[in-house]
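Peer 1: Got a structure for you, written out below as structure tokens; questions coming shortly.
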There are 2 protein chains.
Amino acid sequence: MSERELRRNLAILPIGTIRELTLLTDRQIRYYEQNELVSPTRGKGGQRRFSLNDVDRLLEIKDFLDAGDSIKDIQEIFAKQRRKAVGKQDSESALRRSLQKEFAQIGRFNH
Amino acid sequence: MSERELRRNLAILPIGTIRELTLLTDRQIRYYEQNELVSPTRGKGGQRRFSLNDVDRLLEIKDFLDAGDSIKDIQEIFAKQRRKAVGKQDSESALRRSLQKEFAQIGRFNH
DNA sequence: GTATCATGTCATATAACCTAACATATATTC
DNA sequence: GAATATATGTTAGGTTATATGACATGATAC
């Protein structure tokens, strides 16, 4: 895993930050976790820790729900994505794409 | 300001995260803030919010202190850095340098 | 040896987060 | 159209995290 990906996977953000970055409610975030759409780790005291990738994930979920997809639909969509990603190697172009996604997310936050 | 810089300046990290990323104690972090070496913003309830740049900053402070510099020394060092940075334009090479610093920091965390 | 510096520690208060349960509006199914 | 399912709101009670301020302390400097 590249260092960039490593950084984006660092689970360091508490739910309050996620709430602000995604404009989702705690209830929604926990519900999506319950349905295994995101899998935050837990800190020492049992509190959720999210990564920047989780932020992406949650914004995607939001879009899918807005588009009329159900939680189950989204579970399948993500499962398909995972299958496609199997065996795919890190590449310069993949890195570039992930960078673009990152920028897109920040742009959204600072609309 | 570039989007990368924007992202690195987003104050979204609580002190607990900073503690883990820097291995500093809360006491140290607050003391450095008190001495204006870092300037976290405050969230709704008054809690500190740090950025990734603050993490860099704190790691630098740590190094300077380990090297025998005093808080006041470090204040002056930072003041000098700010003066040098005045009028400096964003450039590709600056971006590349900041990227390297970013990687260095993550590397340190995962050493 | 006394003053300063950087940090530890403790007390007390508030904010953030946790889980679980019940409520509800909207859409779906029979 | 009554019953079900889905996604979310809301409330309650408990635990963890963070804030501030005060006092303590080991090291260094003078």
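By order of appearance in the structure tokens: chains A, B, ..., then residues from 1 within every chain, and ligands from 1 in the order shown.
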When the cut-off is 8 Å and we count only C-alpha atoms (C1' of nucleotides), which residues of chain D are near chain B, given as a PDB file with all heavy atoms, in the first residue's frame?

Peer 2:
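Written out: result-v2.pdb:
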ATOM      1  P    DA D  17     -11.768   7.769  26.043  1.00  0.00           P
ATOM      2  OP1  DA D  17     -11.217   7.197  24.811  1.00  0.00           O
ATOM      3  OP2  DA D  17     -11.057   7.646  27.323  1.00  0.00           O
ATOM      4  O5'  DA D  17     -12.025   9.330  25.785  1.00  0.00           O
ATOM      5  C5'  DA D  17     -12.960   9.726  24.809  1.00  0.00           C
ATOM      6  C4'  DA D  17     -12.880  11.230  24.603  1.00  0.00           C
ATOM      7  O4'  DA D  17     -13.679  11.908  25.599  1.00  0.00           O
ATOM      8  C3'  DA D  17     -11.479  11.819  24.702  1.00  0.00           C
ATOM      9  O3'  DA D  17     -11.348  12.755  23.647  1.00  0.00           O
ATOM     10  C2'  DA D  17     -11.450  12.469  26.085  1.00  0.00           C
ATOM     11  C1'  DA D  17     -12.903  12.871  26.274  1.00  0.00           C
ATOM     12  N9   DA D  17     -13.387  12.864  27.657  1.00  0.00           N
ATOM     13  C8   DA D  17     -13.223  11.882  28.581  1.00  0.00           C
ATOM     14  N7   DA D  17     -13.795  12.145  29.738  1.00  0.00           N
ATOM     15  C5   DA D  17     -14.388  13.377  29.547  1.00  0.00           C
ATOM     16  C6   DA D  17     -15.146  14.204  30.398  1.00  0.00           C
ATOM     17  N6   DA D  17     -15.453  13.889  31.655  1.00  0.00           N
ATOM     18  N1   DA D  17     -15.593  15.380  29.898  1.00  0.00           N
ATOM     19  C2   DA D  17     -15.287  15.688  28.623  1.00  0.00           C
ATOM     20  N3   DA D  17     -14.570  14.993  27.735  1.00  0.00           N
ATOM     21  C4   DA D  17     -14.150  13.831  28.265  1.00  0.00           C
ATOM     22  P    DT D  18     -10.017  13.578  23.424  1.00  0.00           P
ATOM     23  OP1  DT D  18      -9.929  13.841  21.971  1.00  0.00           O
ATOM     24  OP2  DT D  18      -8.910  12.942  24.148  1.00  0.00           O
ATOM     25  O5'  DT D  18     -10.352  14.972  24.148  1.00  0.00           O
ATOM     26  C5'  DT D  18     -11.422  15.753  23.655  1.00  0.00           C
ATOM     27  C4'  DT D  18     -11.629  16.945  24.567  1.00  0.00           C
ATOM     28  O4'  DT D  18     -12.092  16.494  25.843  1.00  0.00           O
ATOM     29  C3'  DT D  18     -10.366  17.761  24.838  1.00  0.00           C
ATOM     30  O3'  DT D  18     -10.564  19.044  24.279  1.00  0.00           O
ATOM     31  C2'  DT D  18     -10.240  17.773  26.356  1.00  0.00           C
ATOM     32  C1'  DT D  18     -11.646  17.411  26.805  1.00  0.00           C
ATOM     33  N1   DT D  18     -11.737  16.759  28.123  1.00  0.00           N
ATOM     34  C2   DT D  18     -12.516  17.343  29.101  1.00  0.00           C
ATOM     35  O2   DT D  18     -13.132  18.373  28.922  1.00  0.00           O
ATOM     36  N3   DT D  18     -12.555  16.661  30.293  1.00  0.00           N
ATOM     37  C4   DT D  18     -11.902  15.487  30.603  1.00  0.00           C
ATOM     38  O4   DT D  18     -12.011  14.987  31.707  1.00  0.00           O
ATOM     39  C5   DT D  18     -11.093  14.927  29.536  1.00  0.00           C
ATOM     40  C7   DT D  18     -10.351  13.657  29.754  1.00  0.00           C
ATOM     41  C6   DT D  18     -11.061  15.585  28.368  1.00  0.00           C
ATOM     42  P    DA D  19      -9.541  20.236  24.643  1.00  0.00           P
ATOM     43  OP1  DA D  19      -9.650  21.222  23.556  1.00  0.00           O
ATOM     44  OP2  DA D  19      -8.244  19.645  25.001  1.00  0.00           O
ATOM     45  O5'  DA D  19     -10.194  20.903  25.941  1.00  0.00           O
ATOM     46  C5'  DA D  19     -11.488  21.485  25.831  1.00  0.00           C
ATOM     47  C4'  DA D  19     -11.722  22.434  26.994  1.00  0.00           C
ATOM     48  O4'  DA D  19     -12.085  21.655  28.142  1.00  0.00           O
ATOM     49  C3'  DA D  19     -10.488  23.231  27.374  1.00  0.00           C
ATOM     50  O3'  DA D  19     -10.735  24.621  27.328  1.00  0.00           O
ATOM     51  C2'  DA D  19     -10.143  22.806  28.780  1.00  0.00           C
ATOM     52  C1'  DA D  19     -11.325  22.027  29.263  1.00  0.00           C
ATOM     53  N9   DA D  19     -10.880  20.789  29.899  1.00  0.00           N
ATOM     54  C8   DA D  19     -10.152  19.773  29.340  1.00  0.00           C
ATOM     55  N7   DA D  19      -9.882  18.797  30.168  1.00  0.00           N
ATOM     56  C5   DA D  19     -10.477  19.193  31.354  1.00  0.00           C
ATOM     57  C6   DA D  19     -10.558  18.587  32.619  1.00  0.00           C
ATOM     58  N6   DA D  19     -10.007  17.417  32.902  1.00  0.00           N
ATOM     59  N1   DA D  19     -11.228  19.254  33.587  1.00  0.00           N
ATOM     60  C2   DA D  19     -11.783  20.442  33.290  1.00  0.00           C
ATOM     61  N3   DA D  19     -11.777  21.111  32.133  1.00  0.00           N
ATOM     62  C4   DA D  19     -11.100  20.420  31.213  1.00  0.00           C
TER      63       DA D  19
END

Peer 1: Which neighbours of region 6-10 of chain D fall inside 10 Å, counting only C-alpha atoms (C1' of nucleotides), when residues of the same chain fewer than 5 positions from it are skipped, and could you give them as a PDB file with C-alpha atoms (C1' of nucleotides), in the first residue's frame?

Peer 2:
ATOM      1  CA  THR A  25     -26.439  12.831  11.431  1.00  0.00           C
ATOM      2  CA  ARG A  27     -27.925   8.326  13.650  1.00  0.00           C
ATOM      3  CA  GLN A  28     -27.387   7.926   9.934  1.00  0.00           C
ATOM      4  CA  TYR A  31     -27.117   3.035  10.887  1.00  0.00           C
ATOM      5  CA  LEU A  65     -29.651   7.047  -1.287  1.00  0.00           C
ATOM      6  CA  SER A  70     -31.744   1.203  -0.852  1.00  0.00           C
ATOM      7  CA  ILE A  71     -29.195   0.182   1.741  1.00  0.00           C
TER       8      ILE A  71
ATOM      9  C1'  DC C  22     -39.480   3.746  21.137  1.00  0.00           C
ATOM     10  C1'  DA C  23     -41.612   6.920  17.574  1.00  0.00           C
ATOM     11  C1'  DT C  24     -42.622   8.130  12.742  1.00  0.00           C
ATOM     12  C1'  DA C  25     -42.996   9.291   7.945  1.00  0.00           C
ATOM     13  C1'  DT C  26     -42.769   7.164   3.547  1.00  0.00           C
ATOM     14  C1'  DA C  27     -42.903   3.538   0.595  1.00  0.00           C
ATOM     15  C1'  DT C  28     -44.200  -1.474  -0.324  1.00  0.00           C
TER      16       DT C  28
END

Peer 1: Select, as a list in words, those residues of chain C with any atom no more than 9 Å from chain A (distances computed using only C-alpha atoms (C1' of nucleotides)).

Peer 2: DA16, DC17 and DC18 of chain C

Peer 1: Could you dump the residues just selected with N, CA, C and O atoms (P, O5', C5', C4', C3', O3' and C1' of nucleotides) as a tab-separated table (two decimals), in the first residue's frame?

Peer 2:
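The resulting file, result.tsv, is reproduced below:
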chain	number	residue	atom	x	y	z
C	16	DA	P	-19.32	19.49	22.04
C	16	DA	O5'	-18.99	17.93	22.11
C	16	DA	C5'	-17.64	17.52	22.11
C	16	DA	C4'	-17.58	16.01	22.07
C	16	DA	C3'	-18.46	15.40	20.98
C	16	DA	O3'	-17.63	14.54	20.22
C	16	DA	C1'	-18.89	14.38	23.08
C	17	DC	P	-18.18	13.71	18.99
C	17	DC	O5'	-18.57	12.31	19.65
C	17	DC	C5'	-17.60	11.57	20.33
C	17	DC	C4'	-18.25	10.40	21.03
C	17	DC	C3'	-19.19	9.59	20.14
C	17	DC	O3'	-18.61	8.32	19.89
C	17	DC	C1'	-20.06	9.93	22.33
C	18	DC	P	-19.47	7.16	19.19
C	18	DC	O5'	-20.17	6.42	20.41
C	18	DC	C5'	-19.35	5.72	21.34
C	18	DC	C4'	-20.22	4.88	22.25
C	18	DC	C3'	-21.31	4.14	21.50
C	18	DC	O3'	-21.00	2.77	21.38
C	18	DC	C1'	-22.19	5.29	23.41

Peer 1: For C1' of DC10 (chain C) and C1' of DA24 (chain D), determine how far apart the two atoms are, in Å to one decimal place.

Peer 2: 10.1 Å

Peer 1: Please provide the set of residues having any atom within 9 Å of region 73-85 of chain A, restricted to only C-alpha atoms (C1' of nucleotides), with same-chain residues fewer than 3 positions apart removed, written as a ChimeraX atom specification.

Peer 2: /A:35-37,61,64-65,69-70,88-89

Peer 1: Suppose we keep all heavy atoms; can you now write the selection as a PDB file, in the first residue's frame?

Peer 2:
ATOM      1  N   ASN A  35     -25.281  -1.527   9.056  1.00  0.00           N
ATOM      2  CA  ASN A  35     -25.540  -2.251   7.820  1.00  0.00           C
ATOM      3  C   ASN A  35     -24.257  -2.504   7.023  1.00  0.00           C
ATOM      4  O   ASN A  35     -24.300  -2.790   5.834  1.00  0.00           O
ATOM      5  CB  ASN A  35     -26.559  -1.488   6.978  1.00  0.00           C
ATOM      6  CG  ASN A  35     -27.962  -1.642   7.521  1.00  0.00           C
ATOM      7  OD1 ASN A  35     -28.642  -2.622   7.243  1.00  0.00           O
ATOM      8  ND2 ASN A  35     -28.393  -0.689   8.325  1.00  0.00           N
ATOM      9  N   GLU A  36     -23.157  -2.350   7.706  1.00  0.00           N
ATOM     10  CA  GLU A  36     -21.834  -2.708   7.167  1.00  0.00           C
ATOM     11  C   GLU A  36     -21.436  -1.954   5.902  1.00  0.00           C
ATOM     12  O   GLU A  36     -20.710  -2.476   5.077  1.00  0.00           O
ATOM     13  CB  GLU A  36     -21.767  -4.216   6.930  1.00  0.00           C
ATOM     14  CG  GLU A  36     -21.978  -5.002   8.223  1.00  0.00           C
ATOM     15  CD  GLU A  36     -22.055  -6.504   7.996  1.00  0.00           C
ATOM     16  OE1 GLU A  36     -23.011  -6.931   7.314  1.00  0.00           O
ATOM     17  OE2 GLU A  36     -21.182  -7.226   8.491  1.00  0.00           O
ATOM     18  N   LEU A  37     -21.934  -0.745   5.770  1.00  0.00           N
ATOM     19  CA  LEU A  37     -21.514   0.073   4.628  1.00  0.00           C
ATOM     20  C   LEU A  37     -20.214   0.809   4.959  1.00  0.00           C
ATOM     21  O   LEU A  37     -19.463   1.175   4.058  1.00  0.00           O
ATOM     22  CB  LEU A  37     -22.612   1.061   4.253  1.00  0.00           C
ATOM     23  CG  LEU A  37     -23.901   0.411   3.747  1.00  0.00           C
ATOM     24  CD1 LEU A  37     -24.928   1.468   3.378  1.00  0.00           C
ATOM     25  CD2 LEU A  37     -23.619  -0.488   2.550  1.00  0.00           C
ATOM     26  N   ILE A  61     -22.542   6.937  -0.241  1.00  0.00           N
ATOM     27  CA  ILE A  61     -23.793   6.378   0.275  1.00  0.00           C
ATOM     28  C   ILE A  61     -24.904   7.416   0.171  1.00  0.00           C
ATOM     29  O   ILE A  61     -26.013   7.130  -0.274  1.00  0.00           O
ATOM     30  CB  ILE A  61     -23.606   5.931   1.747  1.00  0.00           C
ATOM     31  CG1 ILE A  61     -22.646   4.737   1.811  1.00  0.00           C
ATOM     32  CG2 ILE A  61     -24.943   5.576   2.374  1.00  0.00           C
ATOM     33  CD1 ILE A  61     -22.177   4.400   3.217  1.00  0.00           C
ATOM     34  N   PHE A  64     -26.062   7.712  -3.376  1.00  0.00           N
ATOM     35  CA  PHE A  64     -26.864   6.563  -3.802  1.00  0.00           C
ATOM     36  C   PHE A  64     -28.265   6.632  -3.203  1.00  0.00           C
ATOM     37  O   PHE A  64     -29.259   6.384  -3.886  1.00  0.00           O
ATOM     38  CB  PHE A  64     -26.177   5.255  -3.395  1.00  0.00           C
ATOM     39  CG  PHE A  64     -25.041   4.858  -4.299  1.00  0.00           C
ATOM     40  CD1 PHE A  64     -23.800   4.527  -3.783  1.00  0.00           C
ATOM     41  CD2 PHE A  64     -25.224   4.803  -5.686  1.00  0.00           C
ATOM     42  CE1 PHE A  64     -22.745   4.149  -4.620  1.00  0.00           C
ATOM     43  CE2 PHE A  64     -24.184   4.433  -6.531  1.00  0.00           C
ATOM     44  CZ  PHE A  64     -22.947   4.112  -5.998  1.00  0.00           C
ATOM     45  N   LEU A  65     -28.333   6.957  -1.929  1.00  0.00           N
ATOM     46  CA  LEU A  65     -29.651   7.047  -1.287  1.00  0.00           C
ATOM     47  C   LEU A  65     -30.491   8.141  -1.936  1.00  0.00           C
ATOM     48  O   LEU A  65     -31.681   7.946  -2.213  1.00  0.00           O
ATOM     49  CB  LEU A  65     -29.479   7.313   0.216  1.00  0.00           C
ATOM     50  CG  LEU A  65     -29.024   6.112   1.043  1.00  0.00           C
ATOM     51  CD1 LEU A  65     -28.716   6.532   2.471  1.00  0.00           C
ATOM     52  CD2 LEU A  65     -30.088   5.014   1.049  1.00  0.00           C
ATOM     53  N   ASP A  69     -31.516   4.491  -4.384  1.00  0.00           N
ATOM     54  CA  ASP A  69     -31.054   3.147  -4.037  1.00  0.00           C
ATOM     55  C   ASP A  69     -31.332   2.872  -2.559  1.00  0.00           C
ATOM     56  O   ASP A  69     -31.310   3.786  -1.739  1.00  0.00           O
ATOM     57  CB  ASP A  69     -29.546   3.035  -4.307  1.00  0.00           C
ATOM     58  CG  ASP A  69     -29.226   3.164  -5.787  1.00  0.00           C
ATOM     59  OD1 ASP A  69     -29.777   2.380  -6.572  1.00  0.00           O
ATOM     60  OD2 ASP A  69     -28.441   4.074  -6.150  1.00  0.00           O
ATOM     61  N   SER A  70     -31.553   1.601  -2.247  1.00  0.00           N
ATOM     62  CA  SER A  70     -31.744   1.203  -0.852  1.00  0.00           C
ATOM     63  C   SER A  70     -30.413   0.789  -0.256  1.00  0.00           C
ATOM     64  O   SER A  70     -29.430   0.597  -0.974  1.00  0.00           O
ATOM     65  CB  SER A  70     -32.724   0.044  -0.765  1.00  0.00           C
ATOM     66  OG  SER A  70     -32.092  -1.135  -1.238  1.00  0.00           O
ATOM     67  N   LYS A  88      -6.171  -6.010  -8.519  1.00  0.00           N
ATOM     68  CA  LYS A  88      -5.720  -4.785  -9.176  1.00  0.00           C
ATOM     69  C   LYS A  88      -4.494  -4.248  -8.455  1.00  0.00           C
ATOM     70  O   LYS A  88      -4.481  -4.090  -7.250  1.00  0.00           O
ATOM     71  CB  LYS A  88      -6.845  -3.751  -9.138  1.00  0.00           C
ATOM     72  CG  LYS A  88      -6.607  -2.561 -10.038  1.00  0.00           C
ATOM     73  CD  LYS A  88      -7.825  -1.650 -10.016  1.00  0.00           C
ATOM     74  CE  LYS A  88      -7.441  -0.267  -9.558  1.00  0.00           C
ATOM     75  NZ  LYS A  88      -8.585   0.536  -9.133  1.00  0.00           N
ATOM     76  N   GLN A  89      -3.456  -3.965  -9.199  1.00  0.00           N
ATOM     77  CA  GLN A  89      -2.211  -3.487  -8.591  1.00  0.00           C
ATOM     78  C   GLN A  89      -2.213  -1.969  -8.467  1.00  0.00           C
ATOM     79  O   GLN A  89      -2.869  -1.269  -9.233  1.00  0.00           O
ATOM     80  CB  GLN A  89      -1.014  -3.899  -9.452  1.00  0.00           C
ATOM     81  CG  GLN A  89      -0.764  -5.380  -9.483  1.00  0.00           C
ATOM     82  CD  GLN A  89      -0.516  -5.962  -8.092  1.00  0.00           C
ATOM     83  OE1 GLN A  89      -1.454  -6.296  -7.362  1.00  0.00           O
ATOM     84  NE2 GLN A  89       0.745  -6.091  -7.717  1.00  0.00           N
TER      85      GLN A  89
END

Peer 1: Could you check which of B:Gly68, B:Leu23, B:Arg49, B:Thr41 is closest to chain A, using only C-alpha atoms?

Peer 2: B:Arg49

Peer 1: Hey, which of D:DT20, D:DG14, D:DA29, D:DA3 ends up closest to DT2 (chain C)? Count only C-alpha atoms (C1' of nucleotides).

Peer 2: D:DA29

Peer 1: Name the residues of region 9-86 of chain A that come out as strand (DSSP E) in a backbone DSSP run; write them as an NGL selection string.

Peer 2: :A and (41-42 or 48-49)

Peer 1: One number please: CA of Asn9 (chain B) to CA of Val38 (chain B), in Å, one decimal.

Peer 2: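 Those two atoms sit 12.3 Å apart.
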